[in-house]
Amino acid sequence: MTEYVLLTDDQSYFVEYLIGELVLSNSISEAMKFNDEHLAQRFKKMLHSSCELITSVNTYIG
């Protein structure tokens with residue numbers, strides 16, 4: 001099964017976004033994994049509109 005993660009411009013990974021708190025990590029193992037690319041794309045758009053965070057959707061190979 002293919003999984004996806006969100007990578008920021010400064011090479012950190014999206015971990016979570018709760019109650020306005022954005023959590024990023026340099027470790028891909030801590031990144032939130034998405035099973036659906038469309039869901040990852042929706043999170044990417046939500047993070048851009050709510051946090052002005054620019055990310056890319058990348059395939060996770062664990």
# chains A, B, ... in the order shown; residues from 1 in each chain; ligands from 1

$ residues_around --residues "Glu16 in chain A" --least-positions-apart "3" --cutoff "7 Å" --atoms "only C-alpha atoms" --output "compact mmCIF listing (two decimals) with N, CA and C atoms, in the first residue's frame"
# COMPACT_ATOMS: atom_id res chain seq x y z
N LEU A 22 0.61 23.89 15.10
CA LEU A 22 1.23 23.15 14.00
C LEU A 22 2.48 22.45 14.52
N VAL A 23 2.57 21.15 14.28
CA VAL A 23 3.73 20.36 14.72
C VAL A 23 4.44 19.83 13.49
N MET A 32 2.92 12.46 9.74
CA MET A 32 1.60 11.88 9.55
C MET A 32 1.58 11.20 8.18

$ select_by_dssp --residues "chain A" --states "helix (DSSP H, G or I)" --output "list in words"
Ile28, Ser29, Glu30, Glu37, His38, Leu39, Ala40, Gln41, Arg42, Phe43, Lys44, Lys45, Met46, Leu47, His48, Ser49, Ser50 and Cys51 of chain A

$ residues_around --residues "range 55-59 of chain A" --least-positions-apart "6" --cutoff "10 Å" --atoms "only C-alpha atoms" --output "list in words"
Thr2, Glu3, Tyr4, Val5, Leu6, Leu7, Thr8, Asp9, Asp10, Gln11, Ser12, Tyr13, Phe14, Lys33, Phe34, Glu37, His38, Ala40, Gln41, Phe43, Lys44, Lys45, Leu47 and His48 of chain A

$ closest_residue --among "A:Met1, A:Tyr60, A:Ile54, A:Tyr17" --to "Ser29 in chain A" --atoms "only C-alpha atoms"
A:Tyr60

$ atom_distance --atom1 "CA of Met46 in chain A" --atom2 "CA of Gly20 in chain A"
12.0 Å

$ select_by_dssp --residues "chain A" --states "strand (DSSP E or B)" --output "PyMOL selection string"
chain A and resi 3-8+13-18+21-25+34+55-60

$ write_last_selection --atoms "N, CA and C atoms" --output "tab-separated table (two decimals), in the first residue's frame"
chain	number	residue	atom	x	y	z
A	3	GLU	N	1.76	5.06	0.81
A	3	GLU	CA	1.42	6.09	1.78
A	3	GLU	C	2.09	7.38	1.36
A	4	TYR	N	1.56	8.49	1.87
A	4	TYR	CA	2.04	9.82	1.50
A	4	TYR	C	2.31	10.65	2.74
A	5	VAL	N	3.28	11.55	2.64
A	5	VAL	CA	3.61	12.50	3.71
A	5	VAL	C	3.69	13.89	3.10
A	6	LEU	N	3.61	14.91	3.97
A	6	LEU	CA	3.72	16.30	3.52
A	6	LEU	C	5.08	16.85	3.95
A	7	LEU	N	5.84	17.31	2.99
A	7	LEU	CA	7.19	17.85	3.21
A	7	LEU	C	7.16	19.35	2.97
A	8	THR	N	7.71	20.12	3.92
A	8	THR	CA	7.74	21.58	3.79
A	8	THR	C	8.95	22.01	2.97
A	13	TYR	N	8.74	17.67	8.10
A	13	TYR	CA	7.53	16.92	7.78
A	13	TYR	C	6.37	17.34	8.67
A	14	PHE	N	5.17	17.36	8.10
A	14	PHE	CA	3.96	17.65	8.85
A	14	PHE	C	3.65	16.47	9.76
A	15	VAL	N	3.45	16.76	11.06
A	15	VAL	CA	3.12	15.72	12.03
A	15	VAL	C	1.66	15.83	12.44
A	16	GLU	N	1.23	17.03	12.88
A	16	GLU	CA	-0.17	17.22	13.25
A	16	GLU	C	-0.52	18.69	13.33
A	17	TYR	N	-1.81	18.95	13.33
A	17	TYR	CA	-2.34	20.31	13.47
A	17	TYR	C	-3.56	20.21	14.37
A	18	LEU	N	-3.41	20.64	15.62
A	18	LEU	CA	-4.49	20.54	16.58
A	18	LEU	C	-4.70	21.89	17.27
A	21	GLU	N	-2.35	24.62	16.64
A	21	GLU	CA	-0.94	24.31	16.89
A	21	GLU	C	-0.40	23.41	15.78
A	22	LEU	N	0.61	23.89	15.10
A	22	LEU	CA	1.23	23.15	14.00
A	22	LEU	C	2.48	22.45	14.52
A	23	VAL	N	2.57	21.15	14.28
A	23	VAL	CA	3.73	20.36	14.72
A	23	VAL	C	4.44	19.83	13.49
A	24	LEU	N	5.75	20.13	13.40
A	24	LEU	CA	6.59	19.65	12.31
A	24	LEU	C	7.75	18.88	12.91
A	25	SER	N	8.37	18.02	12.10
A	25	SER	CA	9.52	17.25	12.57
A	25	SER	C	10.50	17.07	11.42
A	34	PHE	N	-0.58	9.42	5.15
A	34	PHE	CA	-1.90	9.39	4.52
A	34	PHE	C	-1.98	8.18	3.60
A	55	THR	N	3.70	23.02	1.35
A	55	THR	CA	4.17	21.64	1.43
A	55	THR	C	4.04	20.97	0.07
A	56	SER	N	4.72	19.84	-0.06
A	56	SER	CA	4.54	18.99	-1.22
A	56	SER	C	4.11	17.61	-0.72
A	57	VAL	N	3.35	16.90	-1.54
A	57	VAL	CA	2.93	15.55	-1.21
A	57	VAL	C	3.97	14.60	-1.77
A	58	ASN	N	4.53	13.77	-0.88
A	58	ASN	CA	5.60	12.84	-1.27
A	58	ASN	C	5.22	11.41	-0.87
A	59	THR	N	5.68	10.46	-1.65
A	59	THR	CA	5.46	9.05	-1.35
A	59	THR	C	6.34	8.66	-0.17
A	60	TYR	N	5.73	7.93	0.78
A	60	TYR	CA	6.45	7.43	1.95
A	60	TYR	C	6.79	5.97	1.70

$ decode --residues "range 10-54 of chain A" --atoms "N, CA and C atoms" --output "tab-separated table (two decimals), in the first residue's frame"
chain	number	residue	atom	x	y	z
A	10	ASP	N	11.36	23.80	3.99
A	10	ASP	CA	12.59	23.71	4.77
A	10	ASP	C	12.94	22.27	5.17
A	11	GLN	N	12.37	21.31	4.45
A	11	GLN	CA	12.67	19.89	4.60
A	11	GLN	C	12.24	19.31	5.95
A	12	SER	N	11.15	19.80	6.51
A	12	SER	CA	10.56	19.18	7.69
A	12	SER	C	9.22	18.57	7.27
A	13	TYR	N	8.74	17.67	8.10
A	13	TYR	CA	7.53	16.92	7.78
A	13	TYR	C	6.37	17.34	8.67
A	14	PHE	N	5.17	17.36	8.10
A	14	PHE	CA	3.96	17.65	8.85
A	14	PHE	C	3.65	16.47	9.76
A	15	VAL	N	3.45	16.76	11.06
A	15	VAL	CA	3.12	15.72	12.03
A	15	VAL	C	1.66	15.83	12.44
A	16	GLU	N	1.23	17.03	12.88
A	16	GLU	CA	-0.17	17.22	13.25
A	16	GLU	C	-0.52	18.69	13.33
A	17	TYR	N	-1.81	18.95	13.33
A	17	TYR	CA	-2.34	20.31	13.47
A	17	TYR	C	-3.56	20.21	14.37
A	18	LEU	N	-3.41	20.64	15.62
A	18	LEU	CA	-4.49	20.54	16.58
A	18	LEU	C	-4.70	21.89	17.27
A	19	ILE	N	-5.94	22.34	17.30
A	19	ILE	CA	-6.32	23.57	17.98
A	19	ILE	C	-5.36	24.71	17.64
A	20	GLY	N	-5.08	24.89	16.37
A	20	GLY	CA	-4.23	25.98	15.91
A	20	GLY	C	-2.75	25.76	16.13
A	21	GLU	N	-2.35	24.62	16.64
A	21	GLU	CA	-0.94	24.31	16.89
A	21	GLU	C	-0.40	23.41	15.78
A	22	LEU	N	0.61	23.89	15.10
A	22	LEU	CA	1.23	23.15	14.00
A	22	LEU	C	2.48	22.45	14.52
A	23	VAL	N	2.57	21.15	14.28
A	23	VAL	CA	3.73	20.36	14.72
A	23	VAL	C	4.44	19.83	13.49
A	24	LEU	N	5.75	20.13	13.40
A	24	LEU	CA	6.59	19.65	12.31
A	24	LEU	C	7.75	18.88	12.91
A	25	SER	N	8.37	18.02	12.10
A	25	SER	CA	9.52	17.25	12.57
A	25	SER	C	10.50	17.07	11.42
A	26	ASN	N	11.77	16.93	11.76
A	26	ASN	CA	12.79	16.63	10.76
A	26	ASN	C	12.84	15.15	10.43
A	27	SER	N	12.14	14.34	11.21
A	27	SER	CA	12.15	12.90	11.04
A	27	SER	C	10.93	12.42	10.27
A	28	ILE	N	11.15	11.73	9.17
A	28	ILE	CA	10.04	11.23	8.37
A	28	ILE	C	9.25	10.17	9.13
A	29	SER	N	9.89	9.47	10.06
A	29	SER	CA	9.18	8.44	10.83
A	29	SER	C	8.11	9.03	11.75
A	30	GLU	N	8.22	10.32	12.10
A	30	GLU	CA	7.23	10.99	12.92
A	30	GLU	C	6.12	11.64	12.10
A	31	ALA	N	6.29	11.70	10.80
A	31	ALA	CA	5.33	12.38	9.93
A	31	ALA	C	3.98	11.67	9.91
A	32	MET	N	2.92	12.46	9.74
A	32	MET	CA	1.60	11.88	9.55
A	32	MET	C	1.58	11.20	8.18
A	33	LYS	N	1.14	9.96	8.16
A	33	LYS	CA	1.05	9.22	6.90
A	33	LYS	C	-0.39	9.19	6.42
A	34	PHE	N	-0.58	9.42	5.15
A	34	PHE	CA	-1.90	9.39	4.52
A	34	PHE	C	-1.98	8.18	3.60
A	35	ASN	N	-3.07	7.43	3.69
A	35	ASN	CA	-3.27	6.27	2.81
A	35	ASN	C	-3.85	6.67	1.47
A	36	ASP	N	-4.37	7.89	1.39
A	36	ASP	CA	-5.06	8.36	0.20
A	36	ASP	C	-4.40	9.66	-0.27
A	37	GLU	N	-3.95	9.69	-1.51
A	37	GLU	CA	-3.29	10.87	-2.04
A	37	GLU	C	-4.22	12.08	-2.07
A	38	HIS	N	-5.50	11.85	-2.33
A	38	HIS	CA	-6.46	12.97	-2.38
A	38	HIS	C	-6.63	13.60	-1.00
A	39	LEU	N	-6.62	12.79	0.05
A	39	LEU	CA	-6.70	13.31	1.40
A	39	LEU	C	-5.44	14.12	1.73
A	40	ALA	N	-4.28	13.63	1.32
A	40	ALA	CA	-3.03	14.36	1.52
A	40	ALA	C	-3.09	15.71	0.80
A	41	GLN	N	-3.63	15.73	-0.41
A	41	GLN	CA	-3.76	16.99	-1.16
A	41	GLN	C	-4.69	17.97	-0.45
A	42	ARG	N	-5.77	17.45	0.14
A	42	ARG	CA	-6.71	18.32	0.87
A	42	ARG	C	-6.05	18.90	2.11
A	43	PHE	N	-5.26	18.09	2.83
A	43	PHE	CA	-4.53	18.59	3.99
A	43	PHE	C	-3.53	19.66	3.55
A	44	LYS	N	-2.86	19.41	2.44
A	44	LYS	CA	-1.90	20.38	1.90
A	44	LYS	C	-2.58	21.73	1.68
A	45	LYS	N	-3.75	21.72	1.05
A	45	LYS	CA	-4.49	22.96	0.79
A	45	LYS	C	-4.97	23.62	2.07
A	46	MET	N	-5.44	22.82	3.04
A	46	MET	CA	-5.90	23.35	4.31
A	46	MET	C	-4.76	24.01	5.07
A	47	LEU	N	-3.58	23.38	5.08
A	47	LEU	CA	-2.42	23.94	5.77
A	47	LEU	C	-1.96	25.25	5.11
A	48	HIS	N	-2.07	25.30	3.79
A	48	HIS	CA	-1.69	26.52	3.09
A	48	HIS	C	-2.65	27.66	3.42
A	49	SER	N	-3.94	27.37	3.44
A	49	SER	CA	-4.91	28.44	3.70
A	49	SER	C	-4.95	28.84	5.17
A	50	SER	N	-4.77	27.92	6.09
A	50	SER	CA	-4.89	28.27	7.51
A	50	SER	C	-3.56	28.67	8.15
A	51	CYS	N	-2.43	28.14	7.66
A	51	CYS	CA	-1.13	28.42	8.28
A	51	CYS	C	-0.13	29.06	7.32
A	52	GLU	N	-0.54	29.23	6.07
A	52	GLU	CA	0.37	29.72	5.03
A	52	GLU	C	1.61	28.83	4.91
A	53	LEU	N	1.42	27.54	5.17
A	53	LEU	CA	2.50	26.56	5.09
A	53	LEU	C	2.51	25.94	3.70
A	54	ILE	N	3.64	25.98	3.05
A	54	ILE	CA	3.79	25.40	1.71
A	54	ILE	C	4.40	24.02	1.86
